[in-house]
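This is data.txt. It holds compact mmCIF, C-alpha atoms and all ligand atoms.
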# COMPACT_ATOMS: atom_id res chain seq x y z
CA MET O 1 9.97 27.70 9.12
CA SER O 2 8.54 24.33 10.23
CA THR O 3 10.63 21.23 9.71
CA VAL O 4 8.96 18.01 8.64
CA LEU O 5 10.68 14.65 9.06
CA VAL O 6 9.70 12.52 6.07
CA THR O 7 10.42 8.86 6.74
CA GLY O 8 10.56 6.88 3.51
CA GLY O 9 11.08 10.23 1.78
CA ASN O 10 13.28 8.64 -0.86
CA GLY O 11 10.40 6.43 -2.09
CA TYR O 12 7.70 7.03 -4.69
CA ILE O 13 5.09 8.99 -2.73
CA GLY O 14 7.59 10.37 -0.20
CA SER O 15 9.81 12.00 -2.84
CA HIS O 16 6.86 13.75 -4.50
CA THR O 17 5.69 14.91 -1.07
CA VAL O 18 9.14 16.36 -0.32
CA ILE O 19 8.66 18.62 -3.37
CA SER O 20 5.18 19.74 -2.28
CA LEU O 21 6.44 20.48 1.24
CA PHE O 22 9.38 22.45 -0.16
CA GLU O 23 7.10 24.40 -2.51
CA ASN O 24 4.86 25.27 0.43
CA GLY O 25 7.65 26.68 2.55
CA TYR O 26 8.51 23.74 4.78
CA ASP O 27 11.99 22.49 5.53
CA VAL O 28 12.41 18.76 5.11
CA VAL O 29 14.60 16.11 6.70
CA ILE O 30 14.51 12.63 5.14
CA ALA O 31 15.10 9.27 6.83
CA ASP O 32 15.18 6.23 4.55
CA ASN O 33 17.11 2.95 4.61
CA LEU O 34 16.98 2.54 0.80
CA ALA O 35 15.19 -0.81 1.18
CA ASN O 36 13.09 0.06 -1.86
CA SER O 37 14.64 3.19 -3.38
CA LYS O 38 17.89 4.54 -4.75
CA MET O 39 20.14 7.46 -3.74
CA GLU O 40 19.74 8.89 -7.26
CA VAL O 41 16.33 10.16 -6.07
CA GLN O 42 18.13 12.70 -3.85
CA ARG O 43 20.08 14.05 -6.84
CA ARG O 44 16.85 14.30 -8.83
CA LEU O 45 15.14 16.16 -5.97
CA GLU O 46 18.05 18.57 -5.87
CA LYS O 47 17.64 19.23 -9.59
CA ILE O 48 13.91 19.88 -9.22
CA CYS O 49 14.07 22.01 -6.05
CA GLY O 50 17.43 23.69 -6.61
CA ARG O 51 18.65 22.60 -3.18
CA SER O 52 19.50 19.40 -1.38
CA PHE O 53 17.71 17.98 1.67
CA LYS O 54 19.24 16.56 4.80
CA PHE O 55 19.23 12.80 4.24
CA TYR O 56 19.78 10.06 6.83
CA ASN O 57 20.33 6.50 5.66
CA VAL O 58 18.66 4.95 8.67
CA ASP O 59 16.32 2.08 9.48
CA CYS O 60 13.30 3.55 11.24
CA CYS O 61 13.03 0.38 13.36
CA ASP O 62 16.42 1.21 14.90
CA GLU O 63 15.57 3.52 17.79
CA GLU O 64 19.14 4.48 18.58
CA ALA O 65 19.98 5.34 14.98
CA LEU O 66 16.74 7.22 14.39
CA SER O 67 17.13 9.19 17.61
CA VAL O 68 20.15 10.92 16.02
CA VAL O 69 17.75 12.48 13.50
CA PHE O 70 15.62 13.89 16.33
CA GLU O 71 18.74 15.00 18.27
CA GLU O 72 20.26 16.85 15.33
CA ASN O 73 17.11 18.55 14.01
CA LYS O 74 14.23 20.43 15.55
CA ILE O 75 11.40 18.39 14.08
CA ASP O 76 7.90 19.90 14.13
CA ALA O 77 5.99 17.13 12.38
CA VAL O 78 6.55 13.64 11.00
CA ILE O 79 5.09 12.09 7.85
CA HIS O 80 5.64 8.36 8.12
CA PHE O 81 5.87 6.74 4.67
CA ALA O 82 8.58 4.20 5.55
CA GLY O 83 7.26 0.71 5.05
CA LEU O 84 7.20 -2.31 2.78
CA LYS O 85 4.28 -2.36 0.36
CA ALA O 86 4.32 -5.35 -2.00
CA VAL O 87 1.11 -7.29 -1.39
CA GLY O 88 2.34 -10.61 -2.85
CA GLU O 89 5.68 -10.42 -1.05
CA SER O 90 3.89 -9.78 2.24
CA VAL O 91 2.21 -13.18 1.91
CA THR O 92 5.61 -14.85 1.44
CA ILE O 93 7.49 -13.01 4.19
CA PRO O 94 4.78 -11.86 6.62
CA LEU O 95 7.07 -11.55 9.64
CA ASP O 96 9.29 -9.08 7.79
CA TYR O 97 6.22 -7.02 6.92
CA TYR O 98 4.83 -7.02 10.45
CA SER O 99 8.17 -6.25 12.07
CA ASN O 100 9.21 -3.56 9.57
CA ASN O 101 5.92 -1.74 9.17
CA ILE O 102 4.69 -1.95 12.73
CA GLY O 103 8.17 -1.77 14.28
CA SER O 104 9.09 1.41 12.41
CA MET O 105 5.79 3.08 13.36
CA ILE O 106 6.21 2.25 17.05
CA THR O 107 9.81 3.49 17.03
CA VAL O 108 8.77 6.77 15.40
CA CYS O 109 5.99 7.21 18.01
CA ARG O 110 8.38 6.54 20.90
CA LEU O 111 10.82 9.13 19.60
CA MET O 112 8.09 11.68 18.90
CA LYS O 113 6.99 11.31 22.51
CA LYS O 114 10.56 11.56 23.80
CA TYR O 115 11.38 14.66 21.75
CA GLY O 116 8.00 16.37 22.18
CA VAL O 117 7.00 16.21 18.49
CA ARG O 118 3.21 16.33 18.36
CA GLU O 119 2.13 16.11 14.70
CA LEU O 120 2.06 12.83 12.78
CA VAL O 121 0.69 11.94 9.36
CA PHE O 122 0.48 8.24 8.54
CA SER O 123 0.23 6.56 5.09
CA SER O 124 -2.69 4.21 5.35
CA SER O 125 -4.54 2.61 2.48
CA ALA O 126 -8.00 1.91 1.11
CA THR O 127 -7.05 -1.72 1.64
CA VAL O 128 -8.35 -1.37 5.24
CA TYR O 129 -11.91 -1.33 3.83
CA GLY O 130 -11.34 -5.00 2.97
CA MET O 131 -13.44 -6.88 0.45
CA SER O 132 -16.55 -4.74 0.81
CA GLU O 133 -17.89 -3.20 -2.38
CA ASP O 134 -20.21 -0.77 -0.71
CA VAL O 135 -18.85 2.17 -2.70
CA PRO O 136 -18.00 4.93 -2.43
CA PHE O 137 -15.96 4.22 0.69
CA THR O 138 -16.50 6.94 3.25
CA GLU O 139 -14.34 7.43 6.33
CA GLU O 140 -17.28 5.97 8.28
CA SER O 141 -17.37 2.75 6.21
CA PRO O 142 -16.56 -0.19 8.48
CA LEU O 143 -13.03 -1.53 8.53
CA GLY O 144 -12.94 -4.81 6.68
CA VAL O 145 -11.08 -8.09 6.77
CA CYS O 146 -7.78 -7.66 4.93
CA THR O 147 -6.68 -10.28 2.43
CA ASN O 148 -2.92 -10.10 3.06
CA PRO O 149 -0.34 -9.22 5.75
CA TYR O 150 0.49 -5.89 4.08
CA GLY O 151 -3.14 -4.79 4.48
CA TRP O 152 -3.21 -5.97 8.08
CA THR O 153 -0.14 -3.87 8.93
CA LYS O 154 -2.08 -0.75 7.85
CA TRP O 155 -5.18 -1.89 9.75
CA MET O 156 -3.14 -2.62 12.90
CA ILE O 157 -1.10 0.57 12.74
CA GLU O 158 -4.31 2.62 12.54
CA GLN O 159 -5.44 0.90 15.76
CA ILE O 160 -2.05 1.39 17.43
CA LEU O 161 -2.22 5.11 16.62
CA ARG O 162 -5.73 5.41 18.07
CA ASP O 163 -4.48 3.79 21.28
CA PHE O 164 -1.35 5.97 21.29
CA SER O 165 -3.49 9.07 20.94
CA LYS O 166 -5.66 8.07 23.90
CA ALA O 167 -2.59 7.58 26.07
CA GLU O 168 -0.89 10.77 24.80
CA PRO O 169 -3.65 13.36 24.60
CA ASP O 170 -1.31 16.03 23.21
CA MET O 171 -0.63 14.10 20.02
CA LYS O 172 -2.24 15.20 16.74
CA ILE O 173 -2.48 12.31 14.32
CA CYS O 174 -3.80 12.22 10.77
CA LEU O 175 -4.50 8.90 9.05
CA LEU O 176 -4.59 9.22 5.26
CA ARG O 177 -6.15 6.36 3.33
CA TYR O 178 -4.75 6.44 -0.19
CA PHE O 179 -6.60 4.93 -3.10
CA ASN O 180 -4.43 4.10 -6.17
CA PRO O 181 -1.50 6.51 -6.52
CA VAL O 182 -0.13 6.68 -10.08
CA GLY O 183 1.72 9.12 -12.36
CA ALA O 184 4.94 11.02 -11.93
CA HIS O 185 6.35 14.50 -11.42
CA GLU O 186 5.92 16.80 -14.42
CA SER O 187 9.71 17.06 -14.83
CA GLY O 188 9.93 13.33 -15.62
CA LEU O 189 12.83 13.17 -13.15
CA ILE O 190 11.09 11.17 -10.43
CA GLY O 191 8.35 8.57 -10.61
CA GLU O 192 7.52 5.02 -9.59
CA ASP O 193 10.59 2.82 -9.98
CA PRO O 194 9.60 -0.73 -9.02
CA ARG O 195 12.10 -3.55 -8.63
CA GLY O 196 11.65 -6.42 -11.09
CA ILE O 197 8.38 -7.12 -12.85
CA PRO O 198 5.69 -4.76 -11.57
CA ASN O 199 2.51 -6.11 -9.95
CA ASN O 200 0.46 -2.95 -10.22
CA LEU O 201 -1.37 -1.84 -13.33
CA PHE O 202 0.26 1.48 -14.20
CA PRO O 203 3.92 0.49 -13.88
CA TYR O 204 3.08 -2.63 -15.90
CA ILE O 205 1.30 -0.70 -18.69
CA SER O 206 4.23 1.78 -18.80
CA LYS O 207 6.70 -1.01 -19.37
CA VAL O 208 4.57 -2.59 -22.10
CA ALA O 209 4.19 0.84 -23.73
CA GLY O 210 7.95 1.35 -23.49
CA GLY O 211 8.69 -2.07 -24.97
CA THR O 212 10.40 -3.58 -21.90
CA LEU O 213 7.51 -6.00 -21.34
CA GLU O 214 5.71 -7.78 -24.13
CA LYS O 215 2.06 -7.64 -23.12
CA LEU O 216 -0.33 -6.79 -20.34
CA THR O 217 -2.75 -9.39 -19.04
CA VAL O 218 -6.05 -7.86 -17.98
CA PHE O 219 -7.13 -9.77 -14.89
CA GLY O 220 -10.76 -10.56 -15.62
CA ASP O 221 -13.35 -9.01 -17.95
CA ASP O 222 -16.40 -10.66 -16.41
CA TYR O 223 -16.87 -8.34 -13.44
CA PRO O 224 -20.26 -6.71 -12.83
CA THR O 225 -19.01 -3.35 -14.13
CA PRO O 226 -19.99 -1.46 -17.31
CA ASP O 227 -17.14 -2.93 -19.42
CA GLY O 228 -16.49 -6.06 -17.33
CA THR O 229 -13.10 -4.90 -15.94
CA CYS O 230 -12.43 -3.62 -12.40
CA LEU O 231 -12.89 0.01 -11.43
CA ARG O 232 -10.26 1.77 -9.32
CA ASP O 233 -9.80 5.30 -8.02
CA TYR O 234 -6.47 6.32 -9.56
CA ILE O 235 -5.03 9.50 -8.05
CA HIS O 236 -2.08 11.48 -9.41
CA VAL O 237 0.88 11.18 -7.03
CA CYS O 238 1.33 14.99 -7.13
CA ASP O 239 -2.26 15.45 -5.93
CA LEU O 240 -1.58 12.92 -3.20
CA ALA O 241 1.59 14.82 -2.25
CA ASP O 242 -0.40 18.05 -1.94
CA GLY O 243 -2.86 16.18 0.30
CA HIS O 244 -0.02 15.68 2.79
CA VAL O 245 0.70 19.40 2.93
CA LYS O 246 -3.02 19.97 3.60
CA ALA O 247 -2.86 17.35 6.35
CA ILE O 248 0.05 19.10 8.07
CA GLN O 249 -1.76 22.45 7.77
CA TYR O 250 -4.88 20.82 9.21
CA LEU O 251 -2.95 19.47 12.21
CA ASP O 252 -1.34 22.90 12.75
CA SER O 253 -4.78 24.48 13.16
CA HIS O 254 -6.69 21.74 15.00
CA ASP O 255 -6.82 20.27 18.46
CA SER O 256 -5.19 17.03 19.39
CA GLY O 257 -6.65 13.62 18.60
CA VAL O 258 -6.91 11.39 15.55
CA CYS O 259 -8.36 12.54 12.24
CA LEU O 260 -8.94 10.44 9.18
CA PHE O 261 -9.26 11.25 5.47
CA ASN O 262 -9.56 9.35 2.21
CA LEU O 263 -7.29 10.64 -0.54
CA GLY O 264 -8.82 9.76 -3.90
CA THR O 265 -10.61 11.44 -6.80
CA GLY O 266 -14.02 9.90 -6.17
CA LYS O 267 -14.03 8.53 -9.71
CA GLY O 268 -13.70 4.90 -10.80
CA THR O 269 -11.69 4.12 -13.94
CA SER O 270 -11.83 0.63 -15.50
CA VAL O 271 -8.78 -1.31 -16.64
CA LYS O 272 -9.98 -0.94 -20.23
CA GLU O 273 -10.37 2.82 -19.79
CA ALA O 274 -6.89 3.03 -18.25
CA ILE O 275 -5.40 1.22 -21.24
CA ALA O 276 -7.24 3.51 -23.67
CA ALA O 277 -6.03 6.61 -21.79
CA PHE O 278 -2.46 5.34 -21.83
CA GLU O 279 -2.68 4.59 -25.56
CA LYS O 280 -3.72 8.20 -26.11
CA ALA O 281 -0.76 9.42 -24.03
CA CYS O 282 1.90 7.28 -25.71
CA GLY O 283 0.42 7.39 -29.20
CA HIS O 284 0.44 3.69 -29.92
CA PRO O 285 -1.57 0.59 -28.96
CA ILE O 286 -0.79 -1.26 -25.72
CA ASN O 287 -0.47 -4.98 -26.42
CA HIS O 288 -2.88 -6.74 -24.04
CA VAL O 289 -4.77 -9.98 -23.58
CA PHE O 290 -7.61 -10.95 -21.27
CA GLY O 291 -6.91 -13.51 -18.55
CA PRO O 292 -8.62 -14.88 -15.44
CA ARG O 293 -9.43 -12.78 -12.38
CA ARG O 294 -6.59 -12.16 -9.89
CA PRO O 295 -7.43 -13.71 -6.52
CA GLY O 296 -8.26 -11.09 -3.89
CA ASP O 297 -9.36 -8.39 -6.37
CA ILE O 298 -12.64 -6.60 -5.83
CA ALA O 299 -14.75 -5.33 -8.73
CA VAL O 300 -15.10 -1.74 -7.63
CA CYS O 301 -13.18 0.55 -5.29
CA TYR O 302 -13.41 4.32 -5.12
CA ALA O 303 -13.42 7.01 -2.48
CA SER O 304 -15.97 9.37 -1.14
CA THR O 305 -14.07 12.66 -1.30
CA GLU O 306 -16.62 14.74 0.57
CA LYS O 307 -14.90 14.82 3.96
CA ALA O 308 -11.43 15.61 2.54
CA GLU O 309 -12.93 18.38 0.41
CA LYS O 310 -14.94 19.93 3.21
CA GLU O 311 -12.56 19.60 6.15
CA LEU O 312 -9.11 19.34 4.59
CA GLY O 313 -9.75 21.59 1.59
CA PHE O 314 -8.34 18.84 -0.60
CA LYS O 315 -9.57 18.20 -4.13
CA ALA O 316 -7.61 16.26 -6.74
CA ARG O 317 -6.78 18.39 -9.79
CA TYR O 318 -5.34 15.92 -12.26
CA THR O 319 -7.27 13.71 -14.70
CA ILE O 320 -6.55 10.16 -15.81
CA ASP O 321 -5.04 11.66 -19.00
CA ASP O 322 -2.61 13.74 -16.89
CA MET O 323 -1.68 10.62 -14.92
CA CYS O 324 -0.95 8.67 -18.12
CA SER O 325 1.02 11.42 -19.83
CA SER O 326 3.22 11.99 -16.76
CA CYS O 327 3.78 8.22 -16.44
CA TRP O 328 4.76 8.05 -20.08
CA LYS O 329 7.17 10.99 -19.78
CA TRP O 330 8.83 9.33 -16.76
CA GLN O 331 9.01 6.00 -18.63
CA THR O 332 10.55 7.48 -21.79
CA MET O 333 13.08 9.58 -19.86
CA ASN O 334 14.06 6.63 -17.60
CA PRO O 335 13.44 3.42 -19.57
CA GLU O 336 15.65 1.37 -17.22
CA GLY O 337 14.52 3.17 -14.03
CA LEU O 338 17.09 5.00 -11.89
CA SER O 339 20.74 4.01 -11.62
CA ASP O 340 21.78 2.08 -8.55
CA ASN O 341 24.39 4.29 -6.95
P1 LIG J 1 8.06 3.07 -1.65
O1 LIG J 1 8.51 1.68 -1.41
O2 LIG J 1 8.39 3.71 -2.95
O3 LIG J 1 8.59 4.02 -0.49
C1 LIG J 1 8.78 3.57 0.84
C2 LIG J 1 10.17 4.03 1.27
O4 LIG J 1 10.37 3.61 2.61
C3 LIG J 1 11.29 3.41 0.44
O5 LIG J 1 12.16 4.43 -0.01
C4 LIG J 1 11.99 2.45 1.39
O6 LIG J 1 13.38 2.37 1.14
C5 LIG J 1 11.68 3.08 2.74
N1 LIG J 1 11.66 2.16 3.88
C6 LIG J 1 11.00 0.97 4.01
N2 LIG J 1 11.21 0.45 5.23
C7 LIG J 1 12.00 1.34 5.91
C8 LIG J 1 12.55 1.38 7.21
N3 LIG J 1 12.34 0.41 8.10
N4 LIG J 1 13.31 2.45 7.56
C9 LIG J 1 13.54 3.45 6.68
N5 LIG J 1 13.05 3.47 5.43
C10 LIG J 1 12.28 2.43 5.05
O7 LIG J 1 6.48 3.09 -1.41
P2 LIG J 1 5.41 4.24 -1.71
O8 LIG J 1 4.55 3.79 -2.81
O9 LIG J 1 6.08 5.56 -1.78
O10 LIG J 1 4.54 4.15 -0.39
C11 LIG J 1 4.79 4.96 0.74
C12 LIG J 1 3.84 4.56 1.86
O11 LIG J 1 2.50 4.67 1.41
C13 LIG J 1 4.02 3.11 2.32
O12 LIG J 1 3.83 3.04 3.71
C14 LIG J 1 2.90 2.40 1.60
O13 LIG J 1 2.49 1.24 2.27
C15 LIG J 1 1.81 3.45 1.60
N6 LIG J 1 0.83 3.25 0.53
C16 LIG J 1 1.25 3.15 -0.77
C17 LIG J 1 0.34 2.92 -1.77
C18 LIG J 1 0.78 2.77 -3.21
O14 LIG J 1 0.01 2.29 -4.01
N7 LIG J 1 2.00 3.16 -3.59
C19 LIG J 1 -1.02 2.82 -1.46
C20 LIG J 1 -1.43 2.96 -0.13
C21 LIG J 1 -0.48 3.18 0.86
C1 LIG J 2 -3.23 -3.01 -5.20
C2 LIG J 2 -3.09 -3.81 -3.93
C3 LIG J 2 -3.67 -3.00 -2.78
C4 LIG J 2 -3.02 -1.64 -2.69
C5 LIG J 2 -3.27 -0.93 -4.04
C6 LIG J 2 -2.73 0.47 -4.08
C7 LIG J 2 -3.22 -6.17 -4.69
C8 LIG J 2 -4.04 -7.42 -4.66
N1 LIG J 2 -3.78 -5.07 -4.07
O1 LIG J 2 -4.59 -2.86 -5.45
O2 LIG J 2 -3.47 -3.68 -1.55
O3 LIG J 2 -3.59 -0.88 -1.65
O4 LIG J 2 -2.66 -1.73 -5.07
O5 LIG J 2 -1.47 0.52 -4.63
O6 LIG J 2 -2.11 -6.13 -5.19
N2 LIG J 2 -4.52 -5.36 -13.26
C9 LIG J 2 -4.50 -6.05 -14.45
N3 LIG J 2 -3.30 -6.50 -14.92
C10 LIG J 2 -2.13 -6.29 -14.26
C11 LIG J 2 -2.15 -5.56 -13.04
C12 LIG J 2 -3.38 -5.12 -12.57
O7 LIG J 2 -5.55 -6.27 -15.07
O8 LIG J 2 -1.07 -6.75 -14.73
C13 LIG J 2 -5.83 -4.86 -12.76
C14 LIG J 2 -6.18 -5.42 -11.39
O9 LIG J 2 -6.91 -6.61 -11.52
C15 LIG J 2 -7.03 -4.28 -10.83
C16 LIG J 2 -6.45 -3.01 -11.48
O10 LIG J 2 -5.71 -3.46 -12.61
O11 LIG J 2 -8.34 -4.42 -11.26
C17 LIG J 2 -5.53 -2.25 -10.56
O12 LIG J 2 -4.56 -3.15 -10.04
P1 LIG J 2 -3.38 -2.66 -9.08
O13 LIG J 2 -2.65 -1.55 -9.71
O14 LIG J 2 -2.60 -3.87 -8.69
O15 LIG J 2 -4.13 -2.04 -7.82
P2 LIG J 2 -5.24 -2.69 -6.84
O16 LIG J 2 -5.66 -4.02 -7.27
O17 LIG J 2 -6.31 -1.68 -6.66

Take the structure from the file and write it as structure tokens.
Amino acid sequence: MSTVLVTGGNGYIGSHTVISLFENGYDVVIADNLANSKMEVQRRLEKICGRSFKFYNVDCCDEEALSVVFEENKIDAVIHFAGLKAVGESVTIPLDYYSNNIGSMITVCRLMKKYGVRELVFSSSATVYGMSEDVPFTEESPLGVCTNPYGWTKWMIEQILRDFSKAEPDMKICLLRYFNPVGAHESGLIGEDPRGIPNNLFPYISKVAGGTLEKLTVFGDDYPTPDGTCLRDYIHVCDLADGHVKAIQYLDSHDSGVCLFNLGTGKGTSVKEAIAAFEKACGHPINHVFGPRRPGDIAVCYASTEKAEKELGFKARYTIDDMCSSCWKWQTMNPEGLSDN
């Protein structure tokens, strides 16, 4: 049985990926410093999978501490989710973002080299396409100019990994560019659990639907789109998780080098359509008002899914209705999020 080290495996996407890996016969070791997640996630994973996973509370920037994980386990592949991801916060504390996101990636690469681990999957983002609206974004679309330090960390790490691969020709590296991950596990036991007031659309709608927040402000209804609100490619987090299993399987059966895939559905959903879908899922209206555009937003962003379908065998299964109903289940089962200890 192959063992996958999942850094950031206690977080939103990481925890769902742990389940997909487990269901596909992989053993999993998790390294997470709980910077943006709670230990309760491990208890929830145990409930869902019927077993616990080896968990290390470790900062992936700390080479000495992380080396213990490689010493104590025979790791076959690494999926590197660990990182900070709040766009607004990255503008306020850019140095923390650069040092945490880039530092953790470099440390992981150094240890992979030292311990002879050859397979790496990295969480990149559609944000690397920048402000272009030449949709759909294909893997060949040019890299853009990012609008915030968070985006630049993804852009820079992609470049670092290309350079690393040239210097270490045995390495097999897969860059996955996620579009907009939303939704929750069907059990309602794990889901997105943001600190404070959410910035992203789905966690915000969930909290308005659940009554914790009063109303949603729709950022702009004068975009050049059919209903005037922005289009995004929302992808169910469980589909995204399965994409990571496909990526590991792809690396297992391919030669060394860097490969790159978008993970999206290929379909744009407007903010108005997302609200309507959520209203259907929760059974009552979502209080919302229309406000000005949010600086840095683009009108339209969705993926070309052709390459992932053809080469990775990945195709998203879940619809926007599935995403909303799973979000709503998670929200109603955990109105205050997860407990802190
Ligand atoms: P998340 O914050 O829920 O999970 C990240 C996890 O990494 C957290 O549990 C956090 O405690 C941990 N972590 C952060 N820094 C660490 C460090 N130095 N050492 C050890 N653990 C550390 O975020 P997520 O939504 O699950 O995102 C996972 C990855 O995917 C991130 O790299 C993120 O940038 C990327 N991504 C996310 C989205 C999205 O919309 N959620 C989109 C594109 C890319
Ligand atoms: C955000 C990040 C992006 C990241 C992506 C994936 C910003 C500026 N960008 O993008 O870097 O890769 O998430 O997680 O934060 N909206 C509202 N009202 C709200 C919140 C959002 O109308 O209260 C609208 C936004 O204007 C946008 C859509 O909903 O049109 C989706 O927003 P969001 O969930 O923040 O995702 P992105 O903007 O795509």

Of the residues O:Thr305, O:Ser99, O:Thr265, O:Asn10, which is the one nearest to ligand LIG 1 (chain J), using all atoms listed in the file? O:Asn10

Excluding O:Gly144 and residues on its chain fewer than 4 positions from it, collect all residues at most 6 Å away from it, counting only C-alpha atoms, and give them as a list in words.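 The residues that qualify are Val128, Tyr129 and Gly130 of chain O.
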
Considering only C-alpha atoms, return as a list in words whatever protein or nucleic-acid residues lie within 10 Å of O:Gly313, sequence-local ones (same chain, fewer than 4 positions apart) excluded.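 Result of the neighbour search: Gly243, Lys246, Ala247, Tyr250, Glu306, Lys307, Ala308 and Glu309 of chain O.
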
Identify, on the basis of all atoms listed in the file, every residue whose closest approach to O:Leu338 does not exceed 8 Å; exclude the query and any residue fewer than 2 positions from it along the same chain; express the result as a tab-separated table (two decimals) with C-alpha atoms, in the coordinates of the input.
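Output file part_0.tsv follows:
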chain	number	residue	atom	x	y	z
O	38	LYS	CA	17.89	4.54	-4.75
O	40	GLU	CA	19.74	8.89	-7.26
O	41	VAL	CA	16.33	10.16	-6.07
O	193	ASP	CA	10.59	2.82	-9.98
O	334	ASN	CA	14.06	6.63	-17.60
O	336	GLU	CA	15.65	1.37	-17.22
O	340	ASP	CA	21.78	2.08	-8.55

Can you list, as a ChimeraX atom specification, every protein, DNA or RNA residue that comes within 12 Å of stretch 138-140 of chain O when you count only C-alpha atoms, leaving out same-chain residues fewer than 2 positions away? /O:125-126,128-129,132-136,142-144,175-179,259-264,266,301-308

Just to be explicit: take each residue in the selection above, keep C-alpha atoms, and write the result as a compact mmCIF listing (two decimals), keeping the file's coordinate frame.
# COMPACT_ATOMS: atom_id res chain seq x y z
CA SER O 125 -4.54 2.61 2.48
CA ALA O 126 -8.00 1.91 1.11
CA VAL O 128 -8.35 -1.37 5.24
CA TYR O 129 -11.91 -1.33 3.83
CA SER O 132 -16.55 -4.74 0.81
CA GLU O 133 -17.89 -3.20 -2.38
CA ASP O 134 -20.21 -0.77 -0.71
CA VAL O 135 -18.85 2.17 -2.70
CA PRO O 136 -18.00 4.93 -2.43
CA PRO O 142 -16.56 -0.19 8.48
CA LEU O 143 -13.03 -1.53 8.53
CA GLY O 144 -12.94 -4.81 6.68
CA LEU O 175 -4.50 8.90 9.05
CA LEU O 176 -4.59 9.22 5.26
CA ARG O 177 -6.15 6.36 3.33
CA TYR O 178 -4.75 6.44 -0.19
CA PHE O 179 -6.60 4.93 -3.10
CA CYS O 259 -8.36 12.54 12.24
CA LEU O 260 -8.94 10.44 9.18
CA PHE O 261 -9.26 11.25 5.47
CA ASN O 262 -9.56 9.35 2.21
CA LEU O 263 -7.29 10.64 -0.54
CA GLY O 264 -8.82 9.76 -3.90
CA GLY O 266 -14.02 9.90 -6.17
CA CYS O 301 -13.18 0.55 -5.29
CA TYR O 302 -13.41 4.32 -5.12
CA ALA O 303 -13.42 7.01 -2.48
CA SER O 304 -15.97 9.37 -1.14
CA THR O 305 -14.07 12.66 -1.30
CA GLU O 306 -16.62 14.74 0.57
CA LYS O 307 -14.90 14.82 3.96
CA ALA O 308 -11.43 15.61 2.54

Interatomic distance, atom CA of O:Ser326 to atom CA of O:Ala184 (Å, one decimal):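 According to the coordinates, atom CA of O:Ser326 and atom CA of O:Ala184 are separated by 5.2 Å.
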
For ligand LIG 1 (chain J), collect every residue having any atom at a distance of at most 6 Å from a ligand atom (counting all atoms listed in the file); output as a VMD selection string. chain O and resid 8 10 to 14 32 to 37 58 to 61 81 to 85 100 104 123 to 125 178 180 to 181

Taking (3.4, -0.6, -7.5) in the file's coordinates as the center, which residues reach within 10 Å of it, counting only C-alpha atoms, put as a PyMOL selection string? chain O and resi 12+85-87+180-182+192-195+197-204

Give me, please, the distance in Å between atom CA of O:Phe122 and atom CA of O:Asn57, quoted to one decimal.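 Atom-to-atom, atom CA of O:Phe122 and atom CA of O:Asn57 are spaced 20.1 Å apart.
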
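The space between atom CA of O:Glu186 and atom CA of O:Trp328 spans 10.5 Å.
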
Please determine, counting only C-alpha atoms, which residue among O:Leu111, O:Cys49, O:Leu189, O:Ile157 has the shortest atom-to-atom distance to O:Ser67. O:Leu111

Ranking O:Asp163, O:Glu89, O:Asp96, O:Glu119 by minimum distance to ligand LIG 2 (chain J) and counting only C-alpha atoms and all ligand atoms, which one comes first?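 With only C-alpha atoms and all ligand atoms as the atom set, the closest residue is O:Glu89.
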
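Of the listed residues (O:Leu213, O:Val28, O:Ala65, O:Val78), O:Leu213 comes nearest to ligand LIG 2 (chain J); the distances count all atoms listed in the file.
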
Using only C-alpha atoms, which residue out of O:Leu66, O:Ile160, O:Val117, O:Ile298 lies closest to O:Ile102?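 So, comparing all the options, the nearest one is O:Ile160.
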